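Reading through the C-alpha cells given below for one structure.
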Amino acid sequence: MRQSLTFHHIGKPVPLADIKDAPAVKYAKIYDMYSLDQLNELGIPIELHAFGPDCPLDPIIQAQTHVAFKVADIRAALVDQDIVMPLYQPFAGYECAMIMLKQVPIELIETTLSEAEIWGDGPFHNSILYPENRR
C-alpha cells in the first residue's frame, strides 16, 4: 500500500563528545543514546544522535544519517519492508519504526501530536525514552 509521506526530520549520528554535555541534550537510558535538536537557518528539524557502548540499536542506525517521514498508517507502510528498528511507541501519541530503503535508513512516524508538542517539552513526560522527565 503506497502512502503519501510528509517530511519530518533528519537524524544524524555524531561523536558522543560533540553533544554529551550540551545543556539541552536528552539521554535515553533504554538505548544508551543522547539526542540534541538543532535549530538552523532553513528551519529543517535536525536531531543529532550519539550512542554509548551499550546501545542495542542496529549498527546502521548508529552509523548512518536517516530521514524521517510521517505516514497516515504506519502498520501498512511497514508491510514487506526491511525493518531495522521495530515499531514502538516512545511516548503517547507517537509511533515509529525504521526501515532500509535502497540502503538508506528511513524512519516512519505515525502521530496525532502537533509539531510544537513533538519538538517541545510535552510528549517526553512519562515516556519510555525519558522516564526521568515524569510530571
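Each chain in the C-alpha cells gets a letter, A, B, ..., in the order shown, and its residues are numbered from 1; ligands are numbered from 1 in order too.
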
Within 10 Å of Ile10 in chain A, counting only C-alpha atoms, which residues qualify if same-chain residues fewer than 6 places away don't, as a list of chain:residue names?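 Once the adjacent positions are removed, what remains is A:Ile44, A:Pro45, A:Ile46, A:Glu47, A:Leu48, A:Thr65, A:His66, A:Val67, A:Ala68, A:Phe69, A:Ile106, A:Glu107.
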
Would you mind exporting C-alpha atoms of the selected residues as an mmCIF file, in the first residue's frame?
```
data_model
loop_
_atom_site.group_PDB
_atom_site.id
_atom_site.type_symbol
_atom_site.label_atom_id
_atom_site.label_comp_id
_atom_site.auth_asym_id
_atom_site.auth_seq_id
_atom_site.Cartn_x
_atom_site.Cartn_y
_atom_site.Cartn_z
ATOM 1 C CA ILE A 44 14.736 21.988 8.945
ATOM 2 C CA PRO A 45 14.437 19.842 12.084
ATOM 3 C CA ILE A 46 17.734 18.039 12.630
ATOM 4 C CA GLU A 47 18.334 15.668 15.537
ATOM 5 C CA LEU A 48 21.899 14.858 16.435
ATOM 6 C CA THR A 65 22.108 9.611 8.773
ATOM 7 C CA HIS A 66 18.405 8.930 8.363
ATOM 8 C CA VAL A 67 15.438 10.876 7.038
ATOM 9 C CA ALA A 68 12.101 10.669 8.854
ATOM 10 C CA PHE A 69 8.649 10.948 7.321
ATOM 11 C CA ILE A 106 14.192 5.806 6.669
ATOM 12 C CA GLU A 107 12.238 6.458 9.850
#
```

Extract, using only C-alpha atoms, all DNA, RNA and protein residues at most 8 Å from range 17-21 of chain A, discarding same-chain residues fewer than 4 positions from it, and format them as a PyMOL selection string. chain A and resi 25+34-36+48+50

All strand (DSSP E or B) positions in chain A, as a ChimeraX atom specification: /A:6-13,26-28,33-38,46-51,66-70,82-91,94-101,104-111

DSSP on the backbone, helix (DSSP H, G or I) only: what residues of range 39-102 of chain A does that give? Format it as a PDB file with all heavy atoms, in the first residue's frame.
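Ended up saving to selection.pdb:
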```
ATOM      1  N   PRO A  59      23.485  -1.358  14.216  1.00  0.00           N
ATOM      2  CA  PRO A  59      24.660  -0.537  13.876  1.00  0.00           C
ATOM      3  C   PRO A  59      24.410   0.437  12.719  1.00  0.00           C
ATOM      4  O   PRO A  59      25.017   1.502  12.663  1.00  0.00           O
ATOM      5  CB  PRO A  59      25.720  -1.567  13.499  1.00  0.00           C
ATOM      6  CG  PRO A  59      25.316  -2.804  14.239  1.00  0.00           C
ATOM      7  CD  PRO A  59      23.815  -2.780  14.272  1.00  0.00           C
ATOM      8  N   ILE A  60      23.517   0.095  11.814  1.00  0.00           N
ATOM      9  CA  ILE A  60      23.183   1.002  10.710  1.00  0.00           C
ATOM     10  C   ILE A  60      22.597   2.299  11.262  1.00  0.00           C
ATOM     11  O   ILE A  60      22.947   3.392  10.819  1.00  0.00           O
ATOM     12  CB  ILE A  60      22.195   0.331   9.731  1.00  0.00           C
ATOM     13  CG1 ILE A  60      22.894  -0.796   8.985  1.00  0.00           C
ATOM     14  CG2 ILE A  60      21.593   1.343   8.760  1.00  0.00           C
ATOM     15  CD1 ILE A  60      21.968  -1.690   8.191  1.00  0.00           C
ATOM     16  N   ILE A  61      21.705   2.180  12.242  1.00  0.00           N
ATOM     17  CA  ILE A  61      21.089   3.361  12.850  1.00  0.00           C
ATOM     18  C   ILE A  61      22.151   4.212  13.529  1.00  0.00           C
ATOM     19  O   ILE A  61      22.092   5.450  13.485  1.00  0.00           O
ATOM     20  CB  ILE A  61      19.990   2.936  13.848  1.00  0.00           C
ATOM     21  CG1 ILE A  61      18.856   2.225  13.107  1.00  0.00           C
ATOM     22  CG2 ILE A  61      19.477   4.129  14.646  1.00  0.00           C
ATOM     23  CD1 ILE A  61      17.853   1.544  14.009  1.00  0.00           C
ATOM     24  N   GLN A  62      23.111   3.563  14.163  1.00  0.00           N
ATOM     25  CA  GLN A  62      24.157   4.279  14.884  1.00  0.00           C
ATOM     26  C   GLN A  62      25.173   4.939  13.958  1.00  0.00           C
ATOM     27  O   GLN A  62      25.859   5.877  14.366  1.00  0.00           O
ATOM     28  CB  GLN A  62      24.877   3.328  15.837  1.00  0.00           C
ATOM     29  CG  GLN A  62      23.965   2.762  16.915  1.00  0.00           C
ATOM     30  CD  GLN A  62      24.706   1.843  17.851  1.00  0.00           C
ATOM     31  OE1 GLN A  62      25.731   2.224  18.408  1.00  0.00           O
ATOM     32  NE2 GLN A  62      24.195   0.641  18.028  1.00  0.00           N
ATOM     33  N   ALA A  63      25.273   4.482  12.717  1.00  0.00           N
ATOM     34  CA  ALA A  63      26.328   4.964  11.829  1.00  0.00           C
ATOM     35  C   ALA A  63      25.850   5.862  10.685  1.00  0.00           C
ATOM     36  O   ALA A  63      26.622   6.662  10.181  1.00  0.00           O
ATOM     37  CB  ALA A  63      27.073   3.771  11.230  1.00  0.00           C
ATOM     38  N   ILE A  74       1.113   3.631   9.749  1.00  0.00           N
ATOM     39  CA  ILE A  74       2.471   3.086   9.839  1.00  0.00           C
ATOM     40  C   ILE A  74       2.489   1.570   9.675  1.00  0.00           C
ATOM     41  O   ILE A  74       3.404   1.027   9.063  1.00  0.00           O
ATOM     42  CB  ILE A  74       3.176   3.533  11.135  1.00  0.00           C
ATOM     43  CG1 ILE A  74       4.687   3.272  11.023  1.00  0.00           C
ATOM     44  CG2 ILE A  74       2.570   2.872  12.369  1.00  0.00           C
ATOM     45  CD1 ILE A  74       5.516   3.970  12.067  1.00  0.00           C
ATOM     46  N   ARG A  75       1.481   0.890  10.183  1.00  0.00           N
ATOM     47  CA  ARG A  75       1.470  -0.568  10.050  1.00  0.00           C
ATOM     48  C   ARG A  75       1.404  -0.984   8.580  1.00  0.00           C
ATOM     49  O   ARG A  75       2.102  -1.897   8.158  1.00  0.00           O
ATOM     50  CB  ARG A  75       0.340  -1.168  10.871  1.00  0.00           C
ATOM     51  CG  ARG A  75       0.667  -1.180  12.364  1.00  0.00           C
ATOM     52  CD  ARG A  75      -0.555  -1.372  13.249  1.00  0.00           C
ATOM     53  NE  ARG A  75      -0.201  -1.314  14.654  1.00  0.00           N
ATOM     54  CZ  ARG A  75       0.058  -0.193  15.317  1.00  0.00           C
ATOM     55  NH1 ARG A  75      -0.009   0.980  14.707  1.00  0.00           N
ATOM     56  NH2 ARG A  75       0.361  -0.226  16.611  1.00  0.00           N
ATOM     57  N   ALA A  76       0.587  -0.302   7.819  1.00  0.00           N
ATOM     58  CA  ALA A  76       0.502  -0.600   6.388  1.00  0.00           C
ATOM     59  C   ALA A  76       1.810  -0.245   5.681  1.00  0.00           C
ATOM     60  O   ALA A  76       2.253  -0.972   4.790  1.00  0.00           O
ATOM     61  CB  ALA A  76      -0.668   0.161   5.757  1.00  0.00           C
ATOM     62  N   ALA A  77       2.440   0.844   6.095  1.00  0.00           N
ATOM     63  CA  ALA A  77       3.697   1.275   5.472  1.00  0.00           C
ATOM     64  C   ALA A  77       4.835   0.299   5.742  1.00  0.00           C
ATOM     65  O   ALA A  77       5.798   0.241   4.974  1.00  0.00           O
ATOM     66  CB  ALA A  77       4.074   2.670   5.968  1.00  0.00           C
ATOM     67  N   LEU A  78       4.752  -0.483   6.808  1.00  0.00           N
ATOM     68  CA  LEU A  78       5.819  -1.416   7.168  1.00  0.00           C
ATOM     69  C   LEU A  78       5.704  -2.781   6.489  1.00  0.00           C
ATOM     70  O   LEU A  78       6.656  -3.558   6.517  1.00  0.00           O
ATOM     71  CB  LEU A  78       5.853  -1.609   8.688  1.00  0.00           C
ATOM     72  CG  LEU A  78       6.270  -0.381   9.497  1.00  0.00           C
ATOM     73  CD1 LEU A  78       6.130  -0.646  10.987  1.00  0.00           C
ATOM     74  CD2 LEU A  78       7.687   0.042   9.147  1.00  0.00           C
TER      75      LEU A  78
END
```

Rounded to one decimal, what separation in Å do you get between CA of Asp80 in chain A and CA of Lys12 in chain A? 25.7 Å

List as a list of chain:residue names the protein and nucleic acid residues near Gln64 in chain A, meaning an atom at most 9 Å away when only C-alpha atoms are counted, but skip any in the same chain fewer than 6 places from it.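 Counting only the stated atoms, we get A:Gly11, A:Lys12, A:Pro13, A:Val104, A:Pro105.
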
If you count only C-alpha atoms, the residue of A:Leu57, A:Leu42, A:Ala24, A:Asp37 closest to Pro86 in chain A turns out to be A:Leu57

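Considering the residues A:Ala28, A:Gly52, A:Thr111, A:Gly43 and counting only C-alpha atoms, Ala92 in chain A has its shortest atom-to-atom contact with A:Thr111.
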
Distance query Ser4 in chain A at most 9 Å, only C-alpha atoms, self and fewer than 4 positions along chain excluded, as a PyMOL selection string: chain A and resi 70-72

Nearest-residue call for Met85 in chain A, choices A:Leu39, A:Ala116, A:Val14, A:Leu108, using only C-alpha atoms: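 Once distances to Met85 in chain A are computed over only C-alpha atoms, the minimum belongs to A:Leu108.
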
Within 10 Å of Pro53 in chain A, counting only C-alpha atoms, which residues show up once you throw out same-chain ones fewer than 4 positions away? Write them as a list of chain:residue names, please.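 Surrounding residues, per the criterion: A:Tyr31, A:Asp32, A:Met33.
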
For all heavy atoms, I'd like the residues from the last selection saved as a CSV table (one decimal), in the first residue's frame.
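Result written to part-v3.csv:
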```csv
chain,number,residue,atom,x,y,z
A,31,TYR,N,18.3,3.1,25.3
A,31,TYR,CA,19.1,2.9,24.1
A,31,TYR,C,20.5,3.4,24.3
A,31,TYR,O,21.3,3.4,23.3
A,31,TYR,CB,18.4,3.6,23.0
A,31,TYR,CG,17.1,3.0,22.5
A,31,TYR,CD1,16.0,3.8,22.4
A,31,TYR,CD2,17.1,1.7,22.2
A,31,TYR,CE1,14.8,3.2,22.0
A,31,TYR,CE2,15.9,1.1,21.8
A,31,TYR,CZ,14.8,1.9,21.7
A,31,TYR,OH,13.6,1.3,21.3
A,32,ASP,N,20.9,3.8,25.5
A,32,ASP,CA,22.2,4.4,25.7
A,32,ASP,C,22.5,5.4,24.6
A,32,ASP,O,23.5,5.3,23.9
A,32,ASP,CB,23.3,3.4,25.8
A,32,ASP,CG,24.6,3.9,26.3
A,32,ASP,OD1,24.6,5.0,26.9
A,32,ASP,OD2,25.7,3.2,26.2
A,33,MET,N,21.5,6.4,24.4
A,33,MET,CA,21.5,7.3,23.3
A,33,MET,C,21.3,8.7,23.8
A,33,MET,O,20.4,9.0,24.6
A,33,MET,CB,20.4,6.9,22.3
A,33,MET,CG,20.3,7.8,21.1
A,33,MET,SD,18.9,7.3,20.0
A,33,MET,CE,17.5,7.8,20.9
```

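With CA of Met98 in chain A on one side and CA of Glu117 in chain A on the other, the separation reads 21.4 Å.
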
Just the number, please: distance in Å from CA of Ile99 in chain A to CA of Phe7 in chain A, one decimal. 15.2 Å

I'd like to know which of A:Ile118, A:Ala97, A:Glu41, A:Phe91 is closest to Val79 in chain A, using only C-alpha atoms.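 Among the listed residues, the smallest separation from Val79 in chain A belongs to A:Ala97.
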
For each of A:Gln3, A:Gln38, A:His8, A:Phe51, take the minimum atom-to-atom distance to Cys96 in chain A, counting only C-alpha atoms, then give the residue where this is smallest.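 Between A:Gln3, A:Gln38, A:His8, A:Phe51, the residue approaching Cys96 in chain A most closely is A:His8.
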